[in-house]
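Shown next: model_0.cif, given as mmCIF, N, CA, C and O atoms and all ligand atoms.
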```cif
data_data
loop_
_atom_site.label_atom_id
_atom_site.label_comp_id
_atom_site.auth_asym_id
_atom_site.auth_seq_id
_atom_site.Cartn_x
_atom_site.Cartn_y
_atom_site.Cartn_z
N MET I 1 -10.84 62.75 8.04
CA MET I 1 -11.90 61.82 8.48
C MET I 1 -12.88 61.54 7.34
O MET I 1 -13.25 60.41 7.09
N TRP I 2 -13.30 62.62 6.62
CA TRP I 2 -14.28 62.40 5.55
C TRP I 2 -13.72 61.51 4.45
O TRP I 2 -14.45 60.75 3.82
N GLN I 3 -12.38 61.58 4.26
CA GLN I 3 -11.78 60.71 3.24
C GLN I 3 -11.98 59.25 3.63
O GLN I 3 -12.29 58.41 2.80
N PHE I 4 -11.81 58.99 4.90
CA PHE I 4 -11.97 57.61 5.38
C PHE I 4 -13.41 57.13 5.13
O PHE I 4 -13.64 56.04 4.65
N LEU I 5 -14.37 57.98 5.44
CA LEU I 5 -15.78 57.59 5.27
C LEU I 5 -16.10 57.30 3.81
O LEU I 5 -16.79 56.35 3.49
N LEU I 6 -15.59 58.16 2.93
CA LEU I 6 -15.86 57.97 1.50
C LEU I 6 -15.35 56.62 1.02
O LEU I 6 -15.99 55.96 0.22
N ILE I 7 -14.21 56.22 1.55
CA ILE I 7 -13.64 54.94 1.11
C ILE I 7 -14.30 53.78 1.84
O ILE I 7 -14.62 52.76 1.26
N ALA I 8 -14.54 53.96 3.13
CA ALA I 8 -15.01 52.85 3.96
C ALA I 8 -16.47 52.49 3.68
O ALA I 8 -16.81 51.31 3.66
N MET I 9 -17.30 53.48 3.43
CA MET I 9 -18.73 53.17 3.31
C MET I 9 -19.05 52.21 2.16
O MET I 9 -19.68 51.19 2.39
N PRO I 10 -18.62 52.52 0.94
CA PRO I 10 -18.95 51.58 -0.15
C PRO I 10 -18.35 50.20 0.09
O PRO I 10 -18.96 49.18 -0.23
N THR I 11 -17.18 50.15 0.71
CA THR I 11 -16.54 48.87 0.99
C THR I 11 -17.38 48.06 1.97
O THR I 11 -17.59 46.87 1.80
N LEU I 12 -17.90 48.72 2.97
CA LEU I 12 -18.73 48.02 3.96
C LEU I 12 -20.01 47.49 3.32
O LEU I 12 -20.42 46.37 3.57
N ILE I 13 -20.62 48.32 2.48
CA ILE I 13 -21.87 47.91 1.83
C ILE I 13 -21.60 46.72 0.91
O ILE I 13 -22.32 45.73 0.93
N LEU I 14 -20.51 46.78 0.15
CA LEU I 14 -20.16 45.70 -0.76
C LEU I 14 -19.89 44.41 -0.01
O LEU I 14 -20.40 43.36 -0.38
N SER I 15 -19.13 44.49 1.07
CA SER I 15 -18.77 43.25 1.76
C SER I 15 -19.99 42.66 2.47
O SER I 15 -20.11 41.45 2.58
N ALA I 16 -20.94 43.49 2.88
CA ALA I 16 -22.15 42.96 3.50
C ALA I 16 -22.97 42.19 2.46
O ALA I 16 -23.48 41.12 2.72
N GLY I 17 -23.05 42.74 1.25
CA GLY I 17 -23.82 42.10 0.19
C GLY I 17 -23.20 40.80 -0.28
O GLY I 17 -23.89 39.94 -0.80
N MET I 18 -21.89 40.66 -0.13
CA MET I 18 -21.21 39.50 -0.65
C MET I 18 -20.82 38.51 0.45
O MET I 18 -19.99 37.65 0.24
N ALA I 19 -21.44 38.66 1.61
CA ALA I 19 -21.05 37.84 2.74
C ALA I 19 -21.23 36.35 2.47
O ALA I 19 -20.54 35.52 3.05
N GLN I 20 -22.14 36.01 1.55
CA GLN I 20 -22.43 34.61 1.29
C GLN I 20 -21.37 33.91 0.44
O GLN I 20 -21.25 32.71 0.49
N SER I 21 -20.65 34.68 -0.36
CA SER I 21 -19.74 34.02 -1.28
C SER I 21 -18.31 34.09 -0.78
O SER I 21 -17.92 34.99 -0.04
N ALA I 22 -17.54 33.11 -1.19
CA ALA I 22 -16.16 32.99 -0.71
C ALA I 22 -15.23 32.85 -1.91
O ALA I 22 -15.66 32.56 -3.01
N THR I 23 -13.97 33.09 -1.65
CA THR I 23 -12.96 32.82 -2.67
C THR I 23 -12.13 31.64 -2.20
O THR I 23 -11.64 31.62 -1.08
N ILE I 24 -12.03 30.66 -3.06
CA ILE I 24 -11.28 29.45 -2.72
C ILE I 24 -10.01 29.46 -3.56
O ILE I 24 -10.07 29.59 -4.78
N GLU I 25 -8.89 29.37 -2.88
CA GLU I 25 -7.64 29.48 -3.60
C GLU I 25 -7.02 28.11 -3.87
O GLU I 25 -6.98 27.25 -3.00
N VAL I 26 -6.58 27.95 -5.12
CA VAL I 26 -5.87 26.73 -5.52
C VAL I 26 -4.48 27.15 -5.97
O VAL I 26 -4.34 28.05 -6.80
N THR I 27 -3.48 26.52 -5.42
CA THR I 27 -2.10 26.84 -5.79
C THR I 27 -1.62 25.88 -6.86
O THR I 27 -1.95 24.69 -6.82
N ILE I 28 -0.87 26.40 -7.81
CA ILE I 28 -0.23 25.53 -8.80
C ILE I 28 1.27 25.58 -8.55
O ILE I 28 1.89 26.64 -8.60
N GLU I 29 1.80 24.42 -8.24
CA GLU I 29 3.22 24.33 -7.94
C GLU I 29 3.71 22.97 -8.42
O GLU I 29 3.03 21.96 -8.20
N LYS I 30 4.88 22.94 -9.05
CA LYS I 30 5.47 21.69 -9.56
C LYS I 30 4.46 20.93 -10.41
O LYS I 30 4.26 19.72 -10.26
N THR I 31 3.80 21.66 -11.32
CA THR I 31 2.87 21.08 -12.29
C THR I 31 1.75 20.27 -11.63
O THR I 31 1.40 19.18 -12.07
N ALA I 32 1.20 20.83 -10.56
CA ALA I 32 0.06 20.18 -9.91
C ALA I 32 -0.84 21.23 -9.27
O ALA I 32 -0.37 22.26 -8.79
N PHE I 33 -2.14 20.94 -9.30
CA PHE I 33 -3.10 21.79 -8.60
C PHE I 33 -3.15 21.33 -7.14
O PHE I 33 -3.18 20.13 -6.86
N SER I 34 -3.18 22.28 -6.23
CA SER I 34 -3.23 21.92 -4.82
C SER I 34 -4.15 22.89 -4.07
O SER I 34 -3.89 24.09 -4.08
N PRO I 35 -5.22 22.42 -3.44
CA PRO I 35 -5.64 21.02 -3.43
C PRO I 35 -6.26 20.62 -4.77
O PRO I 35 -6.73 21.48 -5.51
N THR I 36 -6.26 19.32 -5.06
CA THR I 36 -6.79 18.88 -6.35
C THR I 36 -8.32 18.91 -6.36
O THR I 36 -8.92 19.11 -7.39
N GLU I 37 -8.92 18.69 -5.18
CA GLU I 37 -10.40 18.72 -5.13
C GLU I 37 -10.84 19.78 -4.14
O GLU I 37 -10.33 19.85 -3.03
N ILE I 38 -11.78 20.61 -4.59
CA ILE I 38 -12.32 21.61 -3.68
C ILE I 38 -13.85 21.59 -3.74
O ILE I 38 -14.44 21.13 -4.72
N ALA I 39 -14.45 22.07 -2.70
CA ALA I 39 -15.90 22.18 -2.62
C ALA I 39 -16.25 23.66 -2.62
O ALA I 39 -15.65 24.45 -1.90
N ALA I 40 -17.23 24.03 -3.46
CA ALA I 40 -17.65 25.43 -3.56
C ALA I 40 -19.17 25.50 -3.53
O ALA I 40 -19.86 24.48 -3.62
N LYS I 41 -19.66 26.72 -3.36
CA LYS I 41 -21.10 26.98 -3.48
C LYS I 41 -21.31 27.91 -4.66
O LYS I 41 -20.39 28.64 -5.05
N ILE I 42 -22.51 27.89 -5.23
CA ILE I 42 -22.81 28.81 -6.32
C ILE I 42 -22.52 30.24 -5.87
O ILE I 42 -22.90 30.63 -4.76
N GLY I 43 -21.82 30.97 -6.72
CA GLY I 43 -21.46 32.35 -6.39
C GLY I 43 -20.05 32.48 -5.84
O GLY I 43 -19.51 33.58 -5.76
N ASP I 44 -19.46 31.35 -5.46
CA ASP I 44 -18.08 31.40 -4.97
C ASP I 44 -17.11 31.62 -6.13
O ASP I 44 -17.41 31.28 -7.28
N THR I 45 -15.96 32.15 -5.79
CA THR I 45 -14.92 32.37 -6.79
C THR I 45 -13.77 31.39 -6.51
O THR I 45 -13.37 31.22 -5.37
N VAL I 46 -13.33 30.76 -7.57
CA VAL I 46 -12.14 29.90 -7.46
C VAL I 46 -10.99 30.68 -8.06
O VAL I 46 -11.10 31.22 -9.17
N ARG I 47 -9.91 30.75 -7.32
CA ARG I 47 -8.77 31.54 -7.77
C ARG I 47 -7.55 30.64 -7.80
O ARG I 47 -7.21 29.99 -6.81
N TRP I 48 -6.91 30.60 -8.97
CA TRP I 48 -5.70 29.78 -9.13
C TRP I 48 -4.49 30.70 -9.10
O TRP I 48 -4.47 31.72 -9.78
N VAL I 49 -3.50 30.32 -8.33
CA VAL I 49 -2.26 31.08 -8.26
C VAL I 49 -1.15 30.20 -8.83
O VAL I 49 -0.85 29.14 -8.28
N ASN I 50 -0.58 30.65 -9.93
CA ASN I 50 0.47 29.89 -10.59
C ASN I 50 1.84 30.26 -10.02
O ASN I 50 2.32 31.37 -10.24
N LYS I 51 2.45 29.35 -9.30
CA LYS I 51 3.75 29.62 -8.71
C LYS I 51 4.88 29.00 -9.53
O LYS I 51 6.04 29.05 -9.15
N ASP I 52 4.51 28.37 -10.64
CA ASP I 52 5.52 27.74 -11.49
C ASP I 52 6.15 28.75 -12.44
O ASP I 52 5.67 29.89 -12.59
N ALA I 53 7.20 28.31 -13.11
CA ALA I 53 7.93 29.17 -14.05
C ALA I 53 7.43 28.97 -15.48
O ALA I 53 8.10 29.37 -16.42
N PHE I 54 6.29 28.33 -15.63
CA PHE I 54 5.69 28.19 -16.96
C PHE I 54 4.18 28.37 -16.89
O PHE I 54 3.57 28.27 -15.82
N VAL I 55 3.62 28.61 -18.06
CA VAL I 55 2.19 28.93 -18.16
C VAL I 55 1.34 27.67 -17.95
O VAL I 55 1.70 26.59 -18.41
N HIS I 56 0.25 27.84 -17.25
CA HIS I 56 -0.73 26.77 -17.09
C HIS I 56 -2.11 27.32 -17.48
O HIS I 56 -2.28 28.52 -17.68
N THR I 57 -3.07 26.41 -17.55
CA THR I 57 -4.45 26.83 -17.73
C THR I 57 -5.33 26.02 -16.77
O THR I 57 -4.92 24.97 -16.29
N ALA I 58 -6.50 26.55 -16.52
CA ALA I 58 -7.54 25.78 -15.85
C ALA I 58 -8.68 25.71 -16.86
O ALA I 58 -9.33 26.71 -17.15
N THR I 59 -8.85 24.53 -17.44
CA THR I 59 -9.74 24.39 -18.59
C THR I 59 -10.79 23.33 -18.32
O THR I 59 -10.47 22.24 -17.86
N VAL I 60 -12.03 23.69 -18.61
CA VAL I 60 -13.13 22.72 -18.54
C VAL I 60 -13.56 22.44 -19.96
O VAL I 60 -13.82 23.38 -20.74
N LYS I 61 -13.60 21.17 -20.34
CA LYS I 61 -14.06 20.82 -21.70
C LYS I 61 -15.44 21.39 -21.93
O LYS I 61 -16.36 21.16 -21.16
N GLY I 62 -15.59 22.17 -23.01
CA GLY I 62 -16.87 22.78 -23.33
C GLY I 62 -17.25 23.91 -22.38
O GLY I 62 -18.38 24.38 -22.38
N GLY I 63 -16.30 24.34 -21.55
CA GLY I 63 -16.58 25.39 -20.58
C GLY I 63 -15.53 26.47 -20.64
O GLY I 63 -15.05 26.83 -21.70
N TRP I 64 -15.11 26.93 -19.48
CA TRP I 64 -14.14 28.02 -19.46
C TRP I 64 -12.72 27.53 -19.66
O TRP I 64 -12.39 26.36 -19.50
N ASP I 65 -11.89 28.49 -20.01
CA ASP I 65 -10.48 28.23 -20.28
C ASP I 65 -9.70 29.41 -19.70
O ASP I 65 -9.62 30.47 -20.31
N ILE I 66 -9.19 29.23 -18.50
CA ILE I 66 -8.52 30.33 -17.79
C ILE I 66 -7.02 30.23 -18.02
O ILE I 66 -6.41 29.21 -17.71
N GLN I 67 -6.46 31.29 -18.57
CA GLN I 67 -5.01 31.36 -18.76
C GLN I 67 -4.35 31.74 -17.44
O GLN I 67 -4.79 32.69 -16.78
N LEU I 68 -3.30 31.02 -17.08
CA LEU I 68 -2.60 31.32 -15.84
C LEU I 68 -1.12 31.56 -16.13
O LEU I 68 -0.30 30.65 -16.07
N PRO I 69 -0.79 32.81 -16.45
CA PRO I 69 0.60 33.12 -16.79
C PRO I 69 1.54 32.89 -15.59
O PRO I 69 1.08 32.76 -14.45
N VAL I 70 2.81 32.89 -15.87
CA VAL I 70 3.84 32.66 -14.85
C VAL I 70 3.68 33.64 -13.69
O VAL I 70 3.57 34.86 -13.91
N LYS I 71 3.63 33.10 -12.48
CA LYS I 71 3.55 33.90 -11.25
C LYS I 71 2.30 34.80 -11.19
O LYS I 71 2.30 35.81 -10.49
N LYS I 72 1.27 34.43 -11.94
CA LYS I 72 0.05 35.23 -11.94
C LYS I 72 -1.13 34.36 -11.48
O LYS I 72 -1.01 33.15 -11.35
N ALA I 73 -2.25 35.04 -11.27
CA ALA I 73 -3.45 34.34 -10.83
C ALA I 73 -4.58 34.57 -11.81
O ALA I 73 -4.58 35.54 -12.57
N GLY I 74 -5.53 33.66 -11.80
CA GLY I 74 -6.74 33.82 -12.60
C GLY I 74 -7.89 33.25 -11.81
O GLY I 74 -7.68 32.43 -10.92
N SER I 75 -9.10 33.73 -12.10
CA SER I 75 -10.21 33.23 -11.30
C SER I 75 -11.48 33.08 -12.12
O SER I 75 -11.61 33.62 -13.22
N VAL I 76 -12.39 32.32 -11.56
CA VAL I 76 -13.68 32.10 -12.19
C VAL I 76 -14.72 32.04 -11.07
O VAL I 76 -14.42 31.60 -9.96
N THR I 77 -15.91 32.55 -11.36
CA THR I 77 -17.01 32.46 -10.39
C THR I 77 -17.93 31.34 -10.84
O THR I 77 -18.36 31.32 -11.99
N VAL I 78 -18.18 30.41 -9.96
CA VAL I 78 -19.01 29.26 -10.34
C VAL I 78 -20.49 29.63 -10.21
O VAL I 78 -20.91 30.23 -9.22
N ASP I 79 -21.28 29.30 -11.24
CA ASP I 79 -22.68 29.74 -11.25
C ASP I 79 -23.66 28.59 -11.44
O ASP I 79 -24.85 28.82 -11.64
N LYS I 80 -23.16 27.35 -11.40
CA LYS I 80 -24.04 26.20 -11.56
C LYS I 80 -23.62 25.11 -10.59
O LYS I 80 -22.43 24.90 -10.38
N ALA I 81 -24.60 24.41 -10.05
CA ALA I 81 -24.27 23.29 -9.18
C ALA I 81 -23.81 22.11 -10.02
O ALA I 81 -24.23 21.97 -11.17
N GLY I 82 -22.95 21.28 -9.44
CA GLY I 82 -22.49 20.09 -10.15
C GLY I 82 -21.00 19.90 -9.96
O GLY I 82 -20.37 20.59 -9.18
N THR I 83 -20.49 18.93 -10.70
CA THR I 83 -19.06 18.62 -10.60
C THR I 83 -18.35 19.14 -11.84
O THR I 83 -18.79 18.88 -12.95
N LEU I 84 -17.31 19.89 -11.62
CA LEU I 84 -16.52 20.43 -12.73
C LEU I 84 -15.14 19.79 -12.69
O LEU I 84 -14.39 19.97 -11.73
N ASP I 85 -14.83 19.03 -13.72
CA ASP I 85 -13.49 18.48 -13.84
C ASP I 85 -12.71 19.38 -14.77
O ASP I 85 -13.18 19.70 -15.87
N TYR I 86 -11.57 19.82 -14.33
CA TYR I 86 -10.76 20.69 -15.18
C TYR I 86 -9.34 20.15 -15.28
O TYR I 86 -8.94 19.27 -14.51
N TYR I 87 -8.62 20.67 -16.22
CA TYR I 87 -7.25 20.21 -16.45
C TYR I 87 -6.44 21.36 -17.03
O TYR I 87 -6.98 22.44 -17.29
N CYS I 88 -5.16 21.12 -17.22
CA CYS I 88 -4.30 22.12 -17.86
C CYS I 88 -4.07 21.68 -19.30
O CYS I 88 -3.70 20.55 -19.56
N ARG I 89 -4.30 22.59 -20.23
CA ARG I 89 -4.16 22.25 -21.66
C ARG I 89 -2.73 21.88 -22.03
O ARG I 89 -2.51 21.13 -22.97
N PHE I 90 -1.76 22.42 -21.31
CA PHE I 90 -0.37 22.15 -21.64
C PHE I 90 0.16 20.90 -20.94
O PHE I 90 1.15 20.32 -21.34
N HIS I 91 -0.47 20.54 -19.85
CA HIS I 91 -0.04 19.38 -19.07
C HIS I 91 -1.28 18.57 -18.73
O HIS I 91 -1.83 18.73 -17.64
N PRO I 92 -1.71 17.72 -19.66
CA PRO I 92 -2.99 17.01 -19.46
C PRO I 92 -3.04 16.14 -18.21
O PRO I 92 -4.11 15.74 -17.79
N ASN I 93 -1.87 15.86 -17.63
CA ASN I 93 -1.88 15.10 -16.37
C ASN I 93 -2.29 15.95 -15.18
O ASN I 93 -2.59 15.41 -14.12
N MET I 94 -2.29 17.24 -15.36
CA MET I 94 -2.70 18.15 -14.29
C MET I 94 -4.22 18.18 -14.27
O MET I 94 -4.84 18.68 -15.21
N LYS I 95 -4.79 17.68 -13.20
CA LYS I 95 -6.25 17.63 -13.14
C LYS I 95 -6.74 18.14 -11.80
O LYS I 95 -6.06 17.99 -10.78
N GLY I 96 -7.94 18.71 -11.83
CA GLY I 96 -8.56 19.17 -10.60
C GLY I 96 -10.06 19.02 -10.69
O GLY I 96 -10.62 18.79 -11.78
N ARG I 97 -10.70 19.11 -9.54
CA ARG I 97 -12.16 18.97 -9.52
C ARG I 97 -12.76 19.98 -8.55
O ARG I 97 -12.26 20.20 -7.45
N ILE I 98 -13.86 20.59 -9.03
CA ILE I 98 -14.62 21.50 -8.17
C ILE I 98 -16.02 20.91 -8.02
O ILE I 98 -16.68 20.64 -9.02
N THR I 99 -16.42 20.69 -6.81
CA THR I 99 -17.80 20.25 -6.57
C THR I 99 -18.59 21.46 -6.10
O THR I 99 -18.27 22.05 -5.07
N VAL I 100 -19.58 21.84 -6.91
CA VAL I 100 -20.35 23.05 -6.60
C VAL I 100 -21.71 22.67 -6.02
O VAL I 100 -22.51 21.97 -6.67
N ALA I 101 -21.95 23.11 -4.81
CA ALA I 101 -23.23 22.86 -4.14
C ALA I 101 -24.17 24.01 -4.44
O ALA I 101 -23.74 25.15 -4.63
N PRO I 102 -25.49 23.76 -4.50
CA PRO I 102 -26.45 24.82 -4.79
C PRO I 102 -26.45 25.90 -3.70
O PRO I 102 -26.15 25.61 -2.58
CU CU U 201 0.09 23.24 -16.96
#
```
Take the structure in the file and give it back as structure tokens.
Amino acid sequence: MWQFLLIAMPTLILSAGMAQSATIEVTIEKTAFSPTEIAAKIGDTVRWVNKDAFVHTATVKGGWDIQLPVKKAGSVTVDKAGTLDYYCRFHPNMKGRITVAP
């Protein structure tokens, strides 16, 4: 029983503190982001899951550059309100948009 409490207590405290933020998942399949447009709030995490057999990135010009290896995921936490247009460095036709609300 005490083992359960040791594990459960910090988890409960952490999840209570983070109740405001969410993780939004974007799937990459057949060289496309899906969904292409998502809405987030400051503090939310965007997580890309690459289901393709080749490497992709989620790159914002002058911003972050997330490597997304084959069958792996990568994420970023958004910390500013505004519109973020991102693309894949290897496939410039792959585009996505995150609208971040305050
Ligand atoms: Cu790509």
Backbone-only DSSP, helix (DSSP H, G or I) members of chain I, as a PyMOL selection string: chain I and resi 2-17
Take the residues just selected and output them with N, CA, C and O atoms as a PDB file, keeping the file's coordinate frame.
```pdb
ATOM      1  N   TRP I   2     -13.300  62.620   6.620  1.00  0.00           N
ATOM      2  CA  TRP I   2     -14.280  62.400   5.550  1.00  0.00           C
ATOM      3  C   TRP I   2     -13.720  61.510   4.450  1.00  0.00           C
ATOM      4  O   TRP I   2     -14.450  60.750   3.820  1.00  0.00           O
ATOM      5  N   GLN I   3     -12.380  61.580   4.260  1.00  0.00           N
ATOM      6  CA  GLN I   3     -11.780  60.710   3.240  1.00  0.00           C
ATOM      7  C   GLN I   3     -11.980  59.250   3.630  1.00  0.00           C
ATOM      8  O   GLN I   3     -12.290  58.410   2.800  1.00  0.00           O
ATOM      9  N   PHE I   4     -11.810  58.990   4.900  1.00  0.00           N
ATOM     10  CA  PHE I   4     -11.970  57.610   5.380  1.00  0.00           C
ATOM     11  C   PHE I   4     -13.410  57.130   5.130  1.00  0.00           C
ATOM     12  O   PHE I   4     -13.640  56.040   4.650  1.00  0.00           O
ATOM     13  N   LEU I   5     -14.370  57.980   5.440  1.00  0.00           N
ATOM     14  CA  LEU I   5     -15.780  57.590   5.270  1.00  0.00           C
ATOM     15  C   LEU I   5     -16.100  57.300   3.810  1.00  0.00           C
ATOM     16  O   LEU I   5     -16.790  56.350   3.490  1.00  0.00           O
ATOM     17  N   LEU I   6     -15.590  58.160   2.930  1.00  0.00           N
ATOM     18  CA  LEU I   6     -15.860  57.970   1.500  1.00  0.00           C
ATOM     19  C   LEU I   6     -15.350  56.620   1.020  1.00  0.00           C
ATOM     20  O   LEU I   6     -15.990  55.960   0.220  1.00  0.00           O
ATOM     21  N   ILE I   7     -14.210  56.220   1.550  1.00  0.00           N
ATOM     22  CA  ILE I   7     -13.640  54.940   1.110  1.00  0.00           C
ATOM     23  C   ILE I   7     -14.300  53.780   1.840  1.00  0.00           C
ATOM     24  O   ILE I   7     -14.620  52.760   1.260  1.00  0.00           O
ATOM     25  N   ALA I   8     -14.540  53.960   3.130  1.00  0.00           N
ATOM     26  CA  ALA I   8     -15.010  52.850   3.960  1.00  0.00           C
ATOM     27  C   ALA I   8     -16.470  52.490   3.680  1.00  0.00           C
ATOM     28  O   ALA I   8     -16.810  51.310   3.660  1.00  0.00           O
ATOM     29  N   MET I   9     -17.300  53.480   3.430  1.00  0.00           N
ATOM     30  CA  MET I   9     -18.730  53.170   3.310  1.00  0.00           C
ATOM     31  C   MET I   9     -19.050  52.210   2.160  1.00  0.00           C
ATOM     32  O   MET I   9     -19.680  51.190   2.390  1.00  0.00           O
ATOM     33  N   PRO I  10     -18.620  52.520   0.940  1.00  0.00           N
ATOM     34  CA  PRO I  10     -18.950  51.580  -0.150  1.00  0.00           C
ATOM     35  C   PRO I  10     -18.350  50.200   0.090  1.00  0.00           C
ATOM     36  O   PRO I  10     -18.960  49.180  -0.230  1.00  0.00           O
ATOM     37  N   THR I  11     -17.180  50.150   0.710  1.00  0.00           N
ATOM     38  CA  THR I  11     -16.540  48.870   0.990  1.00  0.00           C
ATOM     39  C   THR I  11     -17.380  48.060   1.970  1.00  0.00           C
ATOM     40  O   THR I  11     -17.590  46.870   1.800  1.00  0.00           O
ATOM     41  N   LEU I  12     -17.900  48.720   2.970  1.00  0.00           N
ATOM     42  CA  LEU I  12     -18.730  48.020   3.960  1.00  0.00           C
ATOM     43  C   LEU I  12     -20.010  47.490   3.320  1.00  0.00           C
ATOM     44  O   LEU I  12     -20.420  46.370   3.570  1.00  0.00           O
ATOM     45  N   ILE I  13     -20.620  48.320   2.480  1.00  0.00           N
ATOM     46  CA  ILE I  13     -21.870  47.910   1.830  1.00  0.00           C
ATOM     47  C   ILE I  13     -21.600  46.720   0.910  1.00  0.00           C
ATOM     48  O   ILE I  13     -22.320  45.730   0.930  1.00  0.00           O
ATOM     49  N   LEU I  14     -20.510  46.780   0.150  1.00  0.00           N
ATOM     50  CA  LEU I  14     -20.160  45.700  -0.760  1.00  0.00           C
ATOM     51  C   LEU I  14     -19.890  44.410  -0.010  1.00  0.00           C
ATOM     52  O   LEU I  14     -20.400  43.360  -0.380  1.00  0.00           O
ATOM     53  N   SER I  15     -19.130  44.490   1.070  1.00  0.00           N
ATOM     54  CA  SER I  15     -18.770  43.250   1.760  1.00  0.00           C
ATOM     55  C   SER I  15     -19.990  42.660   2.470  1.00  0.00           C
ATOM     56  O   SER I  15     -20.110  41.450   2.580  1.00  0.00           O
ATOM     57  N   ALA I  16     -20.940  43.490   2.880  1.00  0.00           N
ATOM     58  CA  ALA I  16     -22.150  42.960   3.500  1.00  0.00           C
ATOM     59  C   ALA I  16     -22.970  42.190   2.460  1.00  0.00           C
ATOM     60  O   ALA I  16     -23.480  41.120   2.720  1.00  0.00           O
ATOM     61  N   GLY I  17     -23.050  42.740   1.250  1.00  0.00           N
ATOM     62  CA  GLY I  17     -23.820  42.100   0.190  1.00  0.00           C
ATOM     63  C   GLY I  17     -23.200  40.800  -0.280  1.00  0.00           C
ATOM     64  O   GLY I  17     -23.890  39.940  -0.800  1.00  0.00           O
TER      65      GLY I  17
END
```
Cut-off 8 Å, all atoms listed in the file, neighbours of ligand CU 201 (chain U) as a VMD selection string: chain I and resid 31 to 32 54 to 58 68 87 to 94
If you keep N, CA, C and O atoms, can you produce a file of those selected residues as a JSON list (two decimals), in the coordinates of the input?
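Saved result, again.json, follows:
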```json
[["chain", "number", "residue", "atom", "x", "y", "z"],
["I", 31, "THR", "N", 3.80, 21.66, -11.32],
["I", 31, "THR", "CA", 2.87, 21.08, -12.29],
["I", 31, "THR", "C", 1.75, 20.27, -11.63],
["I", 31, "THR", "O", 1.40, 19.18, -12.07],
["I", 32, "ALA", "N", 1.20, 20.83, -10.56],
["I", 32, "ALA", "CA", 0.06, 20.18, -9.91],
["I", 32, "ALA", "C", -0.84, 21.23, -9.27],
["I", 32, "ALA", "O", -0.37, 22.26, -8.79],
["I", 54, "PHE", "N", 6.29, 28.33, -15.63],
["I", 54, "PHE", "CA", 5.69, 28.19, -16.96],
["I", 54, "PHE", "C", 4.18, 28.37, -16.89],
["I", 54, "PHE", "O", 3.57, 28.27, -15.82],
["I", 55, "VAL", "N", 3.62, 28.61, -18.06],
["I", 55, "VAL", "CA", 2.19, 28.93, -18.16],
["I", 55, "VAL", "C", 1.34, 27.67, -17.95],
["I", 55, "VAL", "O", 1.70, 26.59, -18.41],
["I", 56, "HIS", "N", 0.25, 27.84, -17.25],
["I", 56, "HIS", "CA", -0.73, 26.77, -17.09],
["I", 56, "HIS", "C", -2.11, 27.32, -17.48],
["I", 56, "HIS", "O", -2.28, 28.52, -17.68],
["I", 57, "THR", "N", -3.07, 26.41, -17.55],
["I", 57, "THR", "CA", -4.45, 26.83, -17.73],
["I", 57, "THR", "C", -5.33, 26.02, -16.77],
["I", 57, "THR", "O", -4.92, 24.97, -16.29],
["I", 58, "ALA", "N", -6.50, 26.55, -16.52],
["I", 58, "ALA", "CA", -7.54, 25.78, -15.85],
["I", 58, "ALA", "C", -8.68, 25.71, -16.86],
["I", 58, "ALA", "O", -9.33, 26.71, -17.15],
["I", 68, "LEU", "N", -3.30, 31.02, -17.08],
["I", 68, "LEU", "CA", -2.60, 31.32, -15.84],
["I", 68, "LEU", "C", -1.12, 31.56, -16.13],
["I", 68, "LEU", "O", -0.30, 30.65, -16.07],
["I", 87, "TYR", "N", -8.62, 20.67, -16.22],
["I", 87, "TYR", "CA", -7.25, 20.21, -16.45],
["I", 87, "TYR", "C", -6.44, 21.36, -17.03],
["I", 87, "TYR", "O", -6.98, 22.44, -17.29],
["I", 88, "CYS", "N", -5.16, 21.12, -17.22],
["I", 88, "CYS", "CA", -4.30, 22.12, -17.86],
["I", 88, "CYS", "C", -4.07, 21.68, -19.30],
["I", 88, "CYS", "O", -3.70, 20.55, -19.56],
["I", 89, "ARG", "N", -4.30, 22.59, -20.23],
["I", 89, "ARG", "CA", -4.16, 22.25, -21.66],
["I", 89, "ARG", "C", -2.73, 21.88, -22.03],
["I", 89, "ARG", "O", -2.51, 21.13, -22.97],
["I", 90, "PHE", "N", -1.76, 22.42, -21.31],
["I", 90, "PHE", "CA", -0.37, 22.15, -21.64],
["I", 90, "PHE", "C", 0.16, 20.90, -20.94],
["I", 90, "PHE", "O", 1.15, 20.32, -21.34],
["I", 91, "HIS", "N", -0.47, 20.54, -19.85],
["I", 91, "HIS", "CA", -0.04, 19.38, -19.07],
["I", 91, "HIS", "C", -1.28, 18.57, -18.73],
["I", 91, "HIS", "O", -1.83, 18.73, -17.64],
["I", 92, "PRO", "N", -1.71, 17.72, -19.66],
["I", 92, "PRO", "CA", -2.99, 17.01, -19.46],
["I", 92, "PRO", "C", -3.04, 16.14, -18.21],
["I", 92, "PRO", "O", -4.11, 15.74, -17.79],
["I", 93, "ASN", "N", -1.87, 15.86, -17.63],
["I", 93, "ASN", "CA", -1.88, 15.10, -16.37],
["I", 93, "ASN", "C", -2.29, 15.95, -15.18],
["I", 93, "ASN", "O", -2.59, 15.41, -14.12],
["I", 94, "MET", "N", -2.29, 17.24, -15.36],
["I", 94, "MET", "CA", -2.70, 18.15, -14.29],
["I", 94, "MET", "C", -4.22, 18.18, -14.27],
["I", 94, "MET", "O", -4.84, 18.68, -15.21]]
```
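Between atom C of Leu84 of chain I and atom CA of Ala53 of chain I there is a distance of 24.9 Å.
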Computed interatomic separation between atom N of Ile28 of chain I and atom CA of Val60 of chain I (Å): 16.7 Å
Need the axis-aligned box for segment 61-76 of chain I with 6 Å each side, so what are the centre and edges in Å to one decimal, as AutoDock Vina command-line options?
```
--center_x -7.3 --center_y 28.3 --center_z -16.6 --size_x 34.2 --size_y 27.0 --size_z 25.4
```
Residue list (strand (DSSP E or B), DSSP) for chain I, as an NGL selection string: :I and (23-28 or 33-34 or 37-41 or 45-50 or 56-59 or 65-68 or 73-77 or 82-87 or 95-101)
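If only N, CA, C and O atoms are the atoms counted, then among I:Gly82, I:Ile24, I:Pro35, I:Ala73 the closest residue to Val49 of chain I is I:Ala73.
Here atom CA of Ser21 of chain I and atom CA of Ser34 of chain I stand 20.8 Å from one another.
Shortest separation to Ile42 of chain I among I:Thr83, I:Trp64, I:Ala22, I:Val70 occurs at residue I:Ala22, atoms counted being only N, CA, C and O atoms.
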